[in-house]
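Below is one structure; the comments refer to it alone.
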Amino acid sequence: MDNRPIGFLDSGVGGLTVVRQLFRQLPSEEVVYIGDTKRMPYGPRPAEEILAYTWEMVNFLMSKNVKMICFACNTATAIALDEIRNELGIPVIGVILPGASAAIQKTKTGHIGIIGTQATVNSDSYRKAVHFKSPDVEVISQTCSPFVPLVESGDFDNQSAYEIVKKELELFVGKVDTLILGCTHYPLLAQHIQKVMGPEVKLVDSGAETVRDISVLLNYFKLNRKAGLMSSNNQFYTTGSALHFKEIAEKWLGKEIDVETVNIESYSEKKILIATRNQGKVNEFRDMFTTLGYEIESLFDYPDLPDVEETGSTFEENARLKAETISKLTGEIVISDDSGLCVDLLGGLPGIWSHRFSGTDATDIKNNVKLLHELASTELTPKRRAAHFHCTLVAARPNHESLVVEADWQGRIANRIQGENGFGYDPLFLVGDSDKSAAEISQDEKNRISHRGQALKKLMQVFPDWAKD
Ligand SMILES: O=c1nc[nH]c2c1ncn2[C@H]1C[C@H](O)[C@@H](COP(=O)(O)OP(=O)(O)OP(=O)(O)O)O1
Ligand SMILES: [Mg+2]
């Protein structure tokens with residue numbers, strides 16, 4: 001079970017036809033929708049531009065903590081789905097494969113027509129998807145450039161719109177028994193299209209088919225929202241006019257919604273530099289940030305940058321020193337982590353001296369041995385060996401106030417080294433009240449509950465807004 005919303009992206013309002021289906025088929029799911037109305041139509045744009053814009057929408061949705069993303073846009077699916085899906089840690093679904101599969105099931109004559117935007121048709125994605133499953137089917141495809149602007153205008157319930165549709169579809173009449181509406185705008189013109197094609201021709205609404213696949217994925221990954229929970233907090237964002245978007249969206253969805261205009265251009269910055277030379281931290285940050293759609297760099301990628309001396313007397317002072325120094329030197333947004341283990345019996349030590357606990361040539365093993373030695377005379381009663389990890393994160397950016405967040409992770413010190421995962425004091429840190437050390441749980445589980453995982457969660461609630469221009 002996962003109560004987070006599902007993210008939908010589209011170049012404009014067309015993807016709302018998929019959301020409309022979602023509301024019908026899966027009414028308890030919640031939606032975050034972004035429509036890049038300001039830069040629509042995507043269809044005639046070059047592939048690199050479509051990819052860059054789609055990344056911005058994806059990063060925006062990731063900042064809203066979505067559990068799955070649906071590319072409710074054929075153009076973005078054709079151009080960007082494969083690449084982006086490989087880099088995200090959550091399920092991502094497009095509209096092309098579900099549409100192609102449905103068309104194969106529906107056709108009797110083996111003649112399928114495809115209409116879409118220029119980029120979708122040129123990418124040949126539908127034909128490839130159809131032929132991958134059914135190589136003998138005949139496919140004809142065509143761009144219908146006037147359809148998207150017609151639908152976005154909201155003014156298509158009339159004879160002149162019908163005439164436009166008729167002219168565009170001449171090629172298909174009498175030649176196919178199934179027509180894929182390969183653009184999420186087109187279902188809005190379905191009445192006109194059906195009338196032109198004749199009643200026996202089956203129209204495939206890729207968006208509707210996609211929602212069926214979303215339902216399957218939610219079940220498969222156990223991501224369904226709690227049963228019976230009615231959606232209450234659907235969020236709709238556009239890069240263009242909120243008023244225009246709201247007017248069209250409410251008409252299609254048949255309910256009132258709130259729409260907010262946002263600037264998503266700053267979300268193209270996907271790289272974050274973590275000011276650390278600790279490989280264990282890099283691994284954890286990489287895992288956690290990848291799920292959020294960011295790429296991670298560390299000081300290992302910048303061998304010429306200095307090791308910042310940790311001369312502060314608190315975690316925050318040291319974290320500020322690391323992030324702010326490296327940010328000044330690089331001009332980039334930089335995140336640092338100052339963390340350590342605080343043992344009650346030792347009055348909170350080693351604390352900020354955790355890394356240097358066993359001296360100037362300290363290593364993880366020497367530090368662990370020293371800690372065991374310090375506690376050697378203490379029997380293992382949970383209370384007496386209580387401890388917590390602390391993490392302070394600082395995000396720094398030239399000419400901006402830094403962000404500071406912190407979190408603790410409670411546990412106690414084991415009386416022997418246990419487990420092989422993790423780094424630092426993990427093999428000596430028994431998690432919560434359990435007998436498992438932080439080196440005996442998976443990295444995923446550690447990231448969900450650790451001091452660093454909790455602090456990062458707090459940071460990401462404020463970071464995307466702060467990082468914007
Ligand atoms: O999840 C953890 N699991 C085990 N040990 C941990 C953890 N988190 C911090 N620690 C220990 C390691 C190190 O002894 C000290 C951090 O010292 P701290 O200065 O923040 O890091 P560091 O010098 O290793 O790397 P850097 O300053 O380049 O980020 O606390
Ligand atoms: Mg350090």
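To be explicit about the labels: the chains of the structure tokens are called A, B, and onward in the order shown, and within each one the residues are counted from 1, while ligands get numbers from 1 in the order they are shown.
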Enumerate residues in contact with ligand 2: an atom-to-atom distance of at most 7 Å, counting only C-alpha atoms and all ligand atoms. Format the result as a compact mmCIF listing (two decimals) with N, CA and C atoms, in the first residue's frame.
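The resulting file, result_39.txt, is shown below:
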# COMPACT_ATOMS: atom_id res chain seq x y z
N GLU A 310 37.60 20.42 9.33
CA GLU A 310 36.40 20.52 10.17
C GLU A 310 36.78 21.13 11.51
N ASP A 338 27.38 16.41 7.88
CA ASP A 338 28.27 16.14 9.00
C ASP A 338 27.51 15.27 9.97
N HIS A 355 34.81 10.70 13.27
CA HIS A 355 35.74 10.29 12.20
C HIS A 355 37.17 10.20 12.73
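Those residues in range 174-293 of chain A carrying a DSSP assignment of strand (DSSP E), computed from the backbone, are A:Thr178, A:Leu179, A:Ile180, A:Leu181, A:Gly182, A:Lys202, A:Leu203, A:Val204, A:Asp205, A:Gln235, A:Phe236, A:Tyr237, A:Thr238, A:Val259, A:Glu260, A:Thr261, A:Lys271, A:Ile272, A:Leu273, A:Ile274.
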For ligand 1, collect every residue having any atom at a distance of at most 8 Å from a ligand atom (counting only C-alpha atoms and all ligand atoms); output as a PDB file with N, CA and C atoms, in the first residue's frame.
ATOM      1  N   ALA A 275      29.520  17.418  -0.979  1.00  0.00           N
ATOM      2  CA  ALA A 275      30.891  17.746  -0.558  1.00  0.00           C
ATOM      3  C   ALA A 275      31.387  16.695   0.426  1.00  0.00           C
ATOM      4  N   THR A 276      31.716  15.530  -0.093  1.00  0.00           N
ATOM      5  CA  THR A 276      32.236  14.481   0.782  1.00  0.00           C
ATOM      6  C   THR A 276      33.250  13.621   0.045  1.00  0.00           C
ATOM      7  N   ARG A 277      34.168  13.042   0.802  1.00  0.00           N
ATOM      8  CA  ARG A 277      35.047  12.019   0.222  1.00  0.00           C
ATOM      9  C   ARG A 277      34.841  10.702   0.957  1.00  0.00           C
ATOM     10  N   ASN A 278      33.674  10.530   1.541  1.00  0.00           N
ATOM     11  CA  ASN A 278      33.345   9.288   2.223  1.00  0.00           C
ATOM     12  C   ASN A 278      32.473   8.436   1.276  1.00  0.00           C
ATOM     13  N   GLY A 280      30.968   5.625   1.625  1.00  0.00           N
ATOM     14  CA  GLY A 280      29.726   5.104   2.210  1.00  0.00           C
ATOM     15  C   GLY A 280      28.604   6.120   2.086  1.00  0.00           C
ATOM     16  N   LYS A 281      28.921   7.388   2.392  1.00  0.00           N
ATOM     17  CA  LYS A 281      27.896   8.438   2.243  1.00  0.00           C
ATOM     18  C   LYS A 281      27.507   8.597   0.779  1.00  0.00           C
ATOM     19  N   ASP A 307      40.365  19.258   0.761  1.00  0.00           N
ATOM     20  CA  ASP A 307      39.654  18.678   1.901  1.00  0.00           C
ATOM     21  C   ASP A 307      39.381  19.829   2.856  1.00  0.00           C
ATOM     22  N   VAL A 308      38.151  20.079   3.184  1.00  0.00           N
ATOM     23  CA  VAL A 308      37.840  21.210   4.067  1.00  0.00           C
ATOM     24  C   VAL A 308      38.077  20.766   5.511  1.00  0.00           C
ATOM     25  N   GLU A 310      37.599  20.423   9.334  1.00  0.00           N
ATOM     26  CA  GLU A 310      36.402  20.518  10.171  1.00  0.00           C
ATOM     27  C   GLU A 310      36.782  21.133  11.514  1.00  0.00           C
ATOM     28  N   PHE A 315      28.037  19.985  14.814  1.00  0.00           N
ATOM     29  CA  PHE A 315      27.779  19.358  13.514  1.00  0.00           C
ATOM     30  C   PHE A 315      27.421  20.437  12.489  1.00  0.00           C
ATOM     31  N   ASN A 318      30.434  22.441  11.208  1.00  0.00           N
ATOM     32  CA  ASN A 318      31.264  21.663  10.284  1.00  0.00           C
ATOM     33  C   ASN A 318      30.557  21.430   8.948  1.00  0.00           C
ATOM     34  N   ALA A 319      29.257  21.162   9.007  1.00  0.00           N
ATOM     35  CA  ALA A 319      28.523  20.932   7.758  1.00  0.00           C
ATOM     36  C   ALA A 319      28.497  22.215   6.922  1.00  0.00           C
ATOM     37  N   LYS A 322      31.892  22.747   5.212  1.00  0.00           N
ATOM     38  CA  LYS A 322      32.108  21.896   4.032  1.00  0.00           C
ATOM     39  C   LYS A 322      31.273  22.384   2.843  1.00  0.00           C
ATOM     40  N   SER A 336      26.289  19.166   1.979  1.00  0.00           N
ATOM     41  CA  SER A 336      27.261  18.437   2.791  1.00  0.00           C
ATOM     42  C   SER A 336      26.535  17.736   3.931  1.00  0.00           C
ATOM     43  N   ASP A 337      27.239  16.767   4.482  1.00  0.00           N
ATOM     44  CA  ASP A 337      26.688  15.972   5.583  1.00  0.00           C
ATOM     45  C   ASP A 337      27.736  15.975   6.672  1.00  0.00           C
ATOM     46  N   ASP A 338      27.382  16.408   7.876  1.00  0.00           N
ATOM     47  CA  ASP A 338      28.273  16.145   8.998  1.00  0.00           C
ATOM     48  C   ASP A 338      27.508  15.270   9.967  1.00  0.00           C
ATOM     49  N   SER A 339      28.092  14.134  10.248  1.00  0.00           N
ATOM     50  CA  SER A 339      27.359  13.157  11.030  1.00  0.00           C
ATOM     51  C   SER A 339      28.280  12.500  12.025  1.00  0.00           C
ATOM     52  N   GLY A 340      27.703  11.744  12.930  1.00  0.00           N
ATOM     53  CA  GLY A 340      28.527  11.058  13.904  1.00  0.00           C
ATOM     54  C   GLY A 340      27.686  10.242  14.855  1.00  0.00           C
ATOM     55  N   LEU A 341      28.376   9.494  15.670  1.00  0.00           N
ATOM     56  CA  LEU A 341      27.733   8.609  16.626  1.00  0.00           C
ATOM     57  C   LEU A 341      27.868   9.228  18.021  1.00  0.00           C
ATOM     58  N   GLY A 351      30.664  11.815  18.862  1.00  0.00           N
ATOM     59  CA  GLY A 351      30.013  13.015  18.308  1.00  0.00           C
ATOM     60  C   GLY A 351      30.739  13.574  17.107  1.00  0.00           C
ATOM     61  N   ILE A 352      31.053  14.867  17.189  1.00  0.00           N
ATOM     62  CA  ILE A 352      31.685  15.488  16.006  1.00  0.00           C
ATOM     63  C   ILE A 352      33.096  14.956  15.770  1.00  0.00           C
ATOM     64  N   TRP A 353      33.623  14.218  16.748  1.00  0.00           N
ATOM     65  CA  TRP A 353      34.961  13.639  16.556  1.00  0.00           C
ATOM     66  C   TRP A 353      34.899  12.183  16.071  1.00  0.00           C
ATOM     67  N   SER A 354      33.712  11.741  15.665  1.00  0.00           N
ATOM     68  CA  SER A 354      33.543  10.339  15.275  1.00  0.00           C
ATOM     69  C   SER A 354      34.593   9.877  14.270  1.00  0.00           C
ATOM     70  N   HIS A 355      34.810  10.697  13.265  1.00  0.00           N
ATOM     71  CA  HIS A 355      35.740  10.294  12.203  1.00  0.00           C
ATOM     72  C   HIS A 355      37.172  10.202  12.731  1.00  0.00           C
ATOM     73  N   ARG A 356      37.498  11.053  13.703  1.00  0.00           N
ATOM     74  CA  ARG A 356      38.887  11.122  14.202  1.00  0.00           C
ATOM     75  C   ARG A 356      39.034  10.474  15.567  1.00  0.00           C
ATOM     76  N   PHE A 357      38.072   9.632  15.951  1.00  0.00           N
ATOM     77  CA  PHE A 357      38.002   9.114  17.324  1.00  0.00           C
ATOM     78  C   PHE A 357      39.293   8.409  17.739  1.00  0.00           C
ATOM     79  N   ASP A 364      37.889   3.176   9.924  1.00  0.00           N
ATOM     80  CA  ASP A 364      36.638   2.678  10.497  1.00  0.00           C
ATOM     81  C   ASP A 364      36.925   1.574  11.518  1.00  0.00           C
ATOM     82  N   ASN A 367      38.401   2.905  14.736  1.00  0.00           N
ATOM     83  CA  ASN A 367      37.363   3.617  15.496  1.00  0.00           C
ATOM     84  C   ASN A 367      36.433   2.632  16.210  1.00  0.00           C
ATOM     85  N   PHE A 389      22.826   7.933  16.172  1.00  0.00           N
ATOM     86  CA  PHE A 389      23.536   8.608  15.088  1.00  0.00           C
ATOM     87  C   PHE A 389      22.890   9.962  14.896  1.00  0.00           C
ATOM     88  N   HIS A 390      23.710  10.958  14.609  1.00  0.00           N
ATOM     89  CA  HIS A 390      23.171  12.282  14.282  1.00  0.00           C
ATOM     90  C   HIS A 390      23.623  12.652  12.877  1.00  0.00           C
ATOM     91  N   CYS A 391      22.755  13.371  12.163  1.00  0.00           N
ATOM     92  CA  CYS A 391      23.129  13.863  10.828  1.00  0.00           C
ATOM     93  C   CYS A 391      22.649  15.300  10.667  1.00  0.00           C
ATOM     94  N   GLY A 422      27.050  -1.366   4.862  1.00  0.00           N
ATOM     95  CA  GLY A 422      27.237  -0.032   5.424  1.00  0.00           C
ATOM     96  C   GLY A 422      28.689   0.390   5.549  1.00  0.00           C
ATOM     97  N   PHE A 423      28.935   1.299   6.487  1.00  0.00           N
ATOM     98  CA  PHE A 423      30.292   1.844   6.666  1.00  0.00           C
ATOM     99  C   PHE A 423      30.409   2.363   8.095  1.00  0.00           C
ATOM    100  N   GLY A 424      31.584   2.907   8.431  1.00  0.00           N
ATOM    101  CA  GLY A 424      31.780   3.564   9.722  1.00  0.00           C
ATOM    102  C   GLY A 424      31.422   2.674  10.905  1.00  0.00           C
ATOM    103  N   TYR A 425      30.563   3.192  11.772  1.00  0.00           N
ATOM    104  CA  TYR A 425      30.185   2.473  12.993  1.00  0.00           C
ATOM    105  C   TYR A 425      28.983   1.542  12.807  1.00  0.00           C
ATOM    106  N   ASP A 426      28.540   1.362  11.560  1.00  0.00           N
ATOM    107  CA  ASP A 426      27.349   0.525  11.325  1.00  0.00           C
ATOM    108  C   ASP A 426      27.418  -0.850  11.999  1.00  0.00           C
ATOM    109  N   PRO A 427      28.576  -1.551  11.955  1.00  0.00           N
ATOM    110  CA  PRO A 427      28.593  -2.910  12.536  1.00  0.00           C
ATOM    111  C   PRO A 427      28.444  -2.930  14.062  1.00  0.00           C
ATOM    112  N   PHE A 429      26.293  -0.615  15.646  1.00  0.00           N
ATOM    113  CA  PHE A 429      25.083   0.136  15.999  1.00  0.00           C
ATOM    114  C   PHE A 429      23.855  -0.751  15.854  1.00  0.00           C
ATOM    115  N   ALA A 438      23.235  -1.985  12.071  1.00  0.00           N
ATOM    116  CA  ALA A 438      23.005  -1.221  10.837  1.00  0.00           C
ATOM    117  C   ALA A 438      23.787  -1.808   9.672  1.00  0.00           C
ATOM    118  N   SER A 450      17.345   5.728   8.565  1.00  0.00           N
ATOM    119  CA  SER A 450      18.549   6.257   9.219  1.00  0.00           C
ATOM    120  C   SER A 450      18.479   7.761   9.457  1.00  0.00           C
ATOM    121  N   HIS A 451      19.424   8.260  10.249  1.00  0.00           N
ATOM    122  CA  HIS A 451      19.593   9.697  10.480  1.00  0.00           C
ATOM    123  C   HIS A 451      19.737  10.441   9.153  1.00  0.00           C
ATOM    124  N   ARG A 452      20.510   9.870   8.227  1.00  0.00           N
ATOM    125  CA  ARG A 452      20.736  10.538   6.939  1.00  0.00           C
ATOM    126  C   ARG A 452      19.461  10.504   6.090  1.00  0.00           C
TER     127      ARG A 452
END
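Neighbours of Val259 in chain A closer than or equal to 8 Å, with only C-alpha atoms counted and sequence neighbours fewer than 5 positions away skipped, come out as Gln235, Phe236, Tyr237, Thr238, Ala242, Leu243, Phe245 and Lys246 of chain A.
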Prev. selection, N, CA and C atoms, output as a compact mmCIF listing (two decimals), in the first residue's frame:
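Saved file again.txt follows:
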# COMPACT_ATOMS: atom_id res chain seq x y z
N GLN A 235 -3.58 17.62 -7.49
CA GLN A 235 -2.87 18.87 -7.76
C GLN A 235 -2.67 19.02 -9.26
N PHE A 236 -3.04 20.18 -9.79
CA PHE A 236 -2.88 20.44 -11.22
C PHE A 236 -1.99 21.67 -11.42
N TYR A 237 -0.95 21.49 -12.22
CA TYR A 237 -0.01 22.58 -12.49
C TYR A 237 0.12 22.77 -13.99
N THR A 238 0.27 24.04 -14.38
CA THR A 238 0.53 24.34 -15.78
C THR A 238 1.66 25.36 -15.86
N ALA A 242 -3.18 29.64 -15.82
CA ALA A 242 -3.94 28.76 -14.92
C ALA A 242 -5.43 28.86 -15.22
N LEU A 243 -5.86 30.06 -15.60
CA LEU A 243 -7.29 30.28 -15.85
C LEU A 243 -7.77 29.48 -17.06
N PHE A 245 -6.31 26.88 -18.40
CA PHE A 245 -6.18 25.45 -18.09
C PHE A 245 -7.37 24.98 -17.27
N LYS A 246 -7.72 25.77 -16.26
CA LYS A 246 -8.81 25.41 -15.35
C LYS A 246 -10.13 25.29 -16.10
If you count only C-alpha atoms, which residues fall within 12 Å of range 260-265 of chain A, apart from same-chain ones fewer than 3 positions away, as an mmCIF file with C-alpha atoms, in the first residue's frame?
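New file result.cif:
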data_model
loop_
_atom_site.group_PDB
_atom_site.id
_atom_site.type_symbol
_atom_site.label_atom_id
_atom_site.label_comp_id
_atom_site.auth_asym_id
_atom_site.auth_seq_id
_atom_site.Cartn_x
_atom_site.Cartn_y
_atom_site.Cartn_z
ATOM 1 C CA VAL A 32 -0.305 15.377 -9.549
ATOM 2 C CA TYR A 33 -0.535 16.701 -13.110
ATOM 3 C CA ILE A 34 1.865 18.961 -14.944
ATOM 4 C CA GLY A 35 0.978 20.375 -18.373
ATOM 5 C CA ASP A 36 3.685 22.335 -20.191
ATOM 6 C CA THR A 37 1.101 24.515 -21.922
ATOM 7 C CA LYS A 38 3.532 27.398 -22.339
ATOM 8 C CA ARG A 39 5.749 25.345 -24.649
ATOM 9 C CA ALA A 52 15.013 18.242 -22.007
ATOM 10 C CA TYR A 53 11.481 19.561 -21.412
ATOM 11 C CA THR A 54 10.256 16.119 -20.381
ATOM 12 C CA TRP A 55 13.092 15.833 -17.846
ATOM 13 C CA GLU A 56 11.971 19.133 -16.325
ATOM 14 C CA MET A 57 8.431 17.839 -15.925
ATOM 15 C CA VAL A 58 9.723 14.559 -14.470
ATOM 16 C CA ASN A 59 11.946 16.347 -11.950
ATOM 17 C CA PHE A 60 9.054 18.593 -11.006
ATOM 18 C CA LEU A 61 6.829 15.566 -10.384
ATOM 19 C CA MET A 62 9.596 13.839 -8.404
ATOM 20 C CA SER A 63 9.766 16.907 -6.158
ATOM 21 C CA ASN A 234 -5.394 16.305 -6.575
ATOM 22 C CA GLN A 235 -2.874 18.867 -7.760
ATOM 23 C CA PHE A 236 -2.876 20.444 -11.216
ATOM 24 C CA TYR A 237 -0.012 22.584 -12.491
ATOM 25 C CA THR A 238 0.533 24.337 -15.784
ATOM 26 C CA THR A 239 3.415 26.380 -17.153
ATOM 27 C CA GLY A 240 0.901 28.615 -18.951
ATOM 28 C CA SER A 241 -2.307 30.373 -17.948
ATOM 29 C CA ALA A 242 -3.942 28.758 -14.922
ATOM 30 C CA LEU A 243 -7.285 30.285 -15.853
ATOM 31 C CA HIS A 244 -7.341 28.851 -19.369
ATOM 32 C CA PHE A 245 -6.182 25.451 -18.093
ATOM 33 C CA LYS A 246 -8.806 25.408 -15.346
ATOM 34 C CA ILE A 257 -10.120 21.784 -9.521
ATOM 35 C CA SER A 268 16.434 20.833 -15.479
ATOM 36 C CA GLU A 269 19.347 21.061 -12.998
ATOM 37 C CA LYS A 270 19.510 17.420 -12.072
ATOM 38 C CA PRO A 464 13.300 22.226 -4.775
ATOM 39 C CA ASP A 465 11.777 25.640 -4.028
ATOM 40 C CA ALA A 467 17.049 25.741 -5.511
ATOM 41 C CA LYS A 468 14.787 27.564 -7.988
ATOM 42 C CA ASP A 469 15.833 30.961 -9.394
#
Spatial neighbours of Val431 in chain A, max dist 10 Å, only C-alpha atoms, sep filter under 2 positions, as a list in words: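 Contacts, in chain order: Ala387, His388, Trp409, Gln410, Gly411, Arg412, Ile413, Ala414, Asp426, Leu428, Phe429, Asp433, Ser434, Asp435, Lys436, Ser437, Ala438, Ala439, Glu440, Ile441, Lys446, Ile449 and Ser450 of chain A.
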Can you write just those residues out, N, CA and C atoms, as a short mmCIF file (atom, residue, chain, number, x, y, z; two decimals), in the first residue's frame?
data_model
loop_
_atom_site.label_atom_id
_atom_site.label_comp_id
_atom_site.auth_asym_id
_atom_site.auth_seq_id
_atom_site.Cartn_x
_atom_site.Cartn_y
_atom_site.Cartn_z
N ALA A 387 22.63 4.84 22.37
CA ALA A 387 23.39 5.76 21.51
C ALA A 387 22.48 6.23 20.38
N HIS A 388 22.91 7.28 19.69
CA HIS A 388 22.20 7.64 18.46
C HIS A 388 23.19 8.17 17.43
N TRP A 409 18.99 9.05 14.89
CA TRP A 409 18.56 7.65 14.72
C TRP A 409 18.97 6.92 15.99
N GLN A 410 17.96 6.44 16.74
CA GLN A 410 18.24 5.85 18.05
C GLN A 410 18.64 4.38 17.95
N GLY A 411 19.46 3.96 18.89
CA GLY A 411 19.85 2.55 18.94
C GLY A 411 20.74 2.32 20.16
N ARG A 412 21.57 1.28 20.10
CA ARG A 412 22.53 1.05 21.19
C ARG A 412 23.75 0.36 20.61
N ILE A 413 24.79 0.33 21.43
CA ILE A 413 26.07 -0.20 20.94
C ILE A 413 26.16 -1.69 21.25
N ALA A 414 26.47 -2.47 20.23
CA ALA A 414 26.62 -3.93 20.39
C ALA A 414 27.91 -4.23 21.16
N ASP A 426 28.54 1.36 11.56
CA ASP A 426 27.35 0.53 11.32
C ASP A 426 27.42 -0.85 12.00
N LEU A 428 28.54 -1.75 14.69
CA LEU A 428 28.40 -1.71 16.15
C LEU A 428 27.09 -1.06 16.61
N PHE A 429 26.29 -0.62 15.65
CA PHE A 429 25.08 0.14 16.00
C PHE A 429 23.85 -0.75 15.85
N ASP A 433 15.37 -1.02 19.08
CA ASP A 433 15.43 -2.01 20.16
C ASP A 433 15.85 -3.38 19.64
N SER A 434 16.21 -3.46 18.38
CA SER A 434 16.46 -4.78 17.78
C SER A 434 17.87 -5.27 18.10
N ASP A 435 18.14 -6.51 17.70
CA ASP A 435 19.49 -7.05 17.86
C ASP A 435 20.23 -7.05 16.53
N LYS A 436 19.66 -6.35 15.55
CA LYS A 436 20.31 -6.28 14.24
C LYS A 436 21.12 -5.01 14.15
N SER A 437 22.34 -5.14 13.64
CA SER A 437 23.15 -3.93 13.50
C SER A 437 22.82 -3.25 12.17
N ALA A 438 23.23 -1.99 12.07
CA ALA A 438 23.00 -1.22 10.84
C ALA A 438 23.79 -1.81 9.67
N ALA A 439 24.74 -2.70 9.97
CA ALA A 439 25.47 -3.38 8.89
C ALA A 439 24.80 -4.70 8.52
N GLU A 440 23.70 -5.03 9.18
CA GLU A 440 22.97 -6.27 8.88
C GLU A 440 21.64 -6.02 8.18
N ILE A 441 21.31 -4.74 7.96
CA ILE A 441 20.09 -4.44 7.20
C ILE A 441 20.52 -3.98 5.80
N LYS A 446 18.14 0.82 5.44
CA LYS A 446 18.88 1.84 6.20
C LYS A 446 18.47 3.24 5.73
N ILE A 449 15.23 4.60 7.19
CA ILE A 449 15.05 4.91 8.61
C ILE A 449 16.21 5.66 9.24
N SER A 450 17.34 5.73 8.57
CA SER A 450 18.55 6.26 9.22
C SER A 450 18.48 7.76 9.46
#
Neighbour list for Asn233 in chain A as a list of chain:residue names, cut-off 9 Å, only C-alpha atoms, skip fewer than 4 positions in-chain: A:Pro5, A:Glu30, A:Val31, A:Val32
Written selection (C-alpha atoms) as a PDB file, in the first residue's frame:
ATOM      1  CA  PRO A   5      -0.039  10.399  -5.647  1.00  0.00           C
ATOM      2  CA  GLU A  30      -4.592  10.797  -6.175  1.00  0.00           C
ATOM      3  CA  VAL A  31      -3.047  12.814  -9.022  1.00  0.00           C
ATOM      4  CA  VAL A  32      -0.305  15.377  -9.549  1.00  0.00           C
TER       5      VAL A  32
END
Just the residues within 12 Å of Leu203 in chain A, please, counting only C-alpha atoms, with nothing from its chain fewer than 3 positions along; format it as a PDB file with C-alpha atoms, in the first residue's frame.
ATOM      1  CA  GLY A  99      -2.422   1.666 -27.252  1.00  0.00           C
ATOM      2  CA  ALA A 100      -0.595  -0.611 -29.694  1.00  0.00           C
ATOM      3  CA  ALA A 102      -5.249  -2.758 -27.667  1.00  0.00           C
ATOM      4  CA  ALA A 103      -5.270  -2.074 -31.418  1.00  0.00           C
ATOM      5  CA  ILE A 104      -3.826  -5.518 -32.166  1.00  0.00           C
ATOM      6  CA  LYS A 106      -9.313  -5.106 -31.835  1.00  0.00           C
ATOM      7  CA  THR A 107      -8.387  -5.357 -35.508  1.00  0.00           C
ATOM      8  CA  ILE A 112      -4.459  -0.416 -38.363  1.00  0.00           C
ATOM      9  CA  GLY A 113      -4.259   3.341 -38.779  1.00  0.00           C
ATOM     10  CA  ILE A 114      -2.274   5.625 -36.489  1.00  0.00           C
ATOM     11  CA  ILE A 115      -2.705   9.358 -36.118  1.00  0.00           C
ATOM     12  CA  VAL A 176      -8.419   0.479 -41.829  1.00  0.00           C
ATOM     13  CA  ASP A 177     -10.777  -1.152 -39.341  1.00  0.00           C
ATOM     14  CA  THR A 178      -8.966   0.215 -36.268  1.00  0.00           C
ATOM     15  CA  LEU A 179      -7.576   3.693 -35.676  1.00  0.00           C
ATOM     16  CA  ILE A 180      -5.183   4.507 -32.847  1.00  0.00           C
ATOM     17  CA  LEU A 181      -5.649   7.986 -31.439  1.00  0.00           C
ATOM     18  CA  GLY A 182      -1.918   8.404 -30.892  1.00  0.00           C
ATOM     19  CA  TYR A 186      -7.455  13.355 -29.921  1.00  0.00           C
ATOM     20  CA  PRO A 187     -10.063  11.550 -27.770  1.00  0.00           C
ATOM     21  CA  LEU A 189     -12.367  14.860 -31.116  1.00  0.00           C
ATOM     22  CA  ALA A 190     -13.605  11.259 -30.992  1.00  0.00           C
ATOM     23  CA  GLN A 191     -17.172  12.102 -32.085  1.00  0.00           C
ATOM     24  CA  HIS A 192     -15.968  13.875 -35.211  1.00  0.00           C
ATOM     25  CA  ILE A 193     -13.401  11.166 -35.915  1.00  0.00           C
ATOM     26  CA  GLN A 194     -15.951   8.363 -35.553  1.00  0.00           C
ATOM     27  CA  LYS A 195     -18.383  10.134 -37.848  1.00  0.00           C
ATOM     28  CA  VAL A 196     -15.720  10.567 -40.537  1.00  0.00           C
ATOM     29  CA  MET A 197     -14.386   7.011 -40.271  1.00  0.00           C
ATOM     30  CA  GLY A 198     -17.809   5.332 -40.067  1.00  0.00           C
ATOM     31  CA  PRO A 199     -19.425   3.440 -37.194  1.00  0.00           C
ATOM     32  CA  GLU A 200     -17.725   0.089 -37.841  1.00  0.00           C
ATOM     33  CA  SER A 206      -4.371   5.030 -25.813  1.00  0.00           C
ATOM     34  CA  GLY A 207      -4.936   6.938 -22.589  1.00  0.00           C
ATOM     35  CA  ALA A 208      -7.829   4.735 -21.518  1.00  0.00           C
ATOM     36  CA  GLU A 209      -5.790   1.620 -22.281  1.00  0.00           C
TER      37      GLU A 209
END
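Nearest residue to Ser232 in chain A among A:Glu29, A:Tyr267, A:Cys144, A:Lys202 is A:Glu29, counting only C-alpha atoms.
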DSSP-assigned alpha helix (DSSP H) members of range 56-264 of chain A, reported as number ranges by chain: A: 56-63, 74-87, 96-106, 118-123, 125-133, 147-153, 159-169, 190-197, 206-220, 242-253
Coordinates-based distance that separates CA of Met68 in chain A from CA of Asp82 in chain A (Å, one decimal): 15.0 Å
Interatomic distance (Å, one decimal) between CA of Asp157 in chain A and CA of Arg24 in chain A: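 According to the coordinates, CA of Asp157 in chain A and CA of Arg24 in chain A are separated by 23.1 Å.
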Computed interatomic separation between CA of Ala395 in chain A and CA of Ile272 in chain A (Å):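 Between CA of Ala395 in chain A and CA of Ile272 in chain A the gap works out to 9.9 Å.
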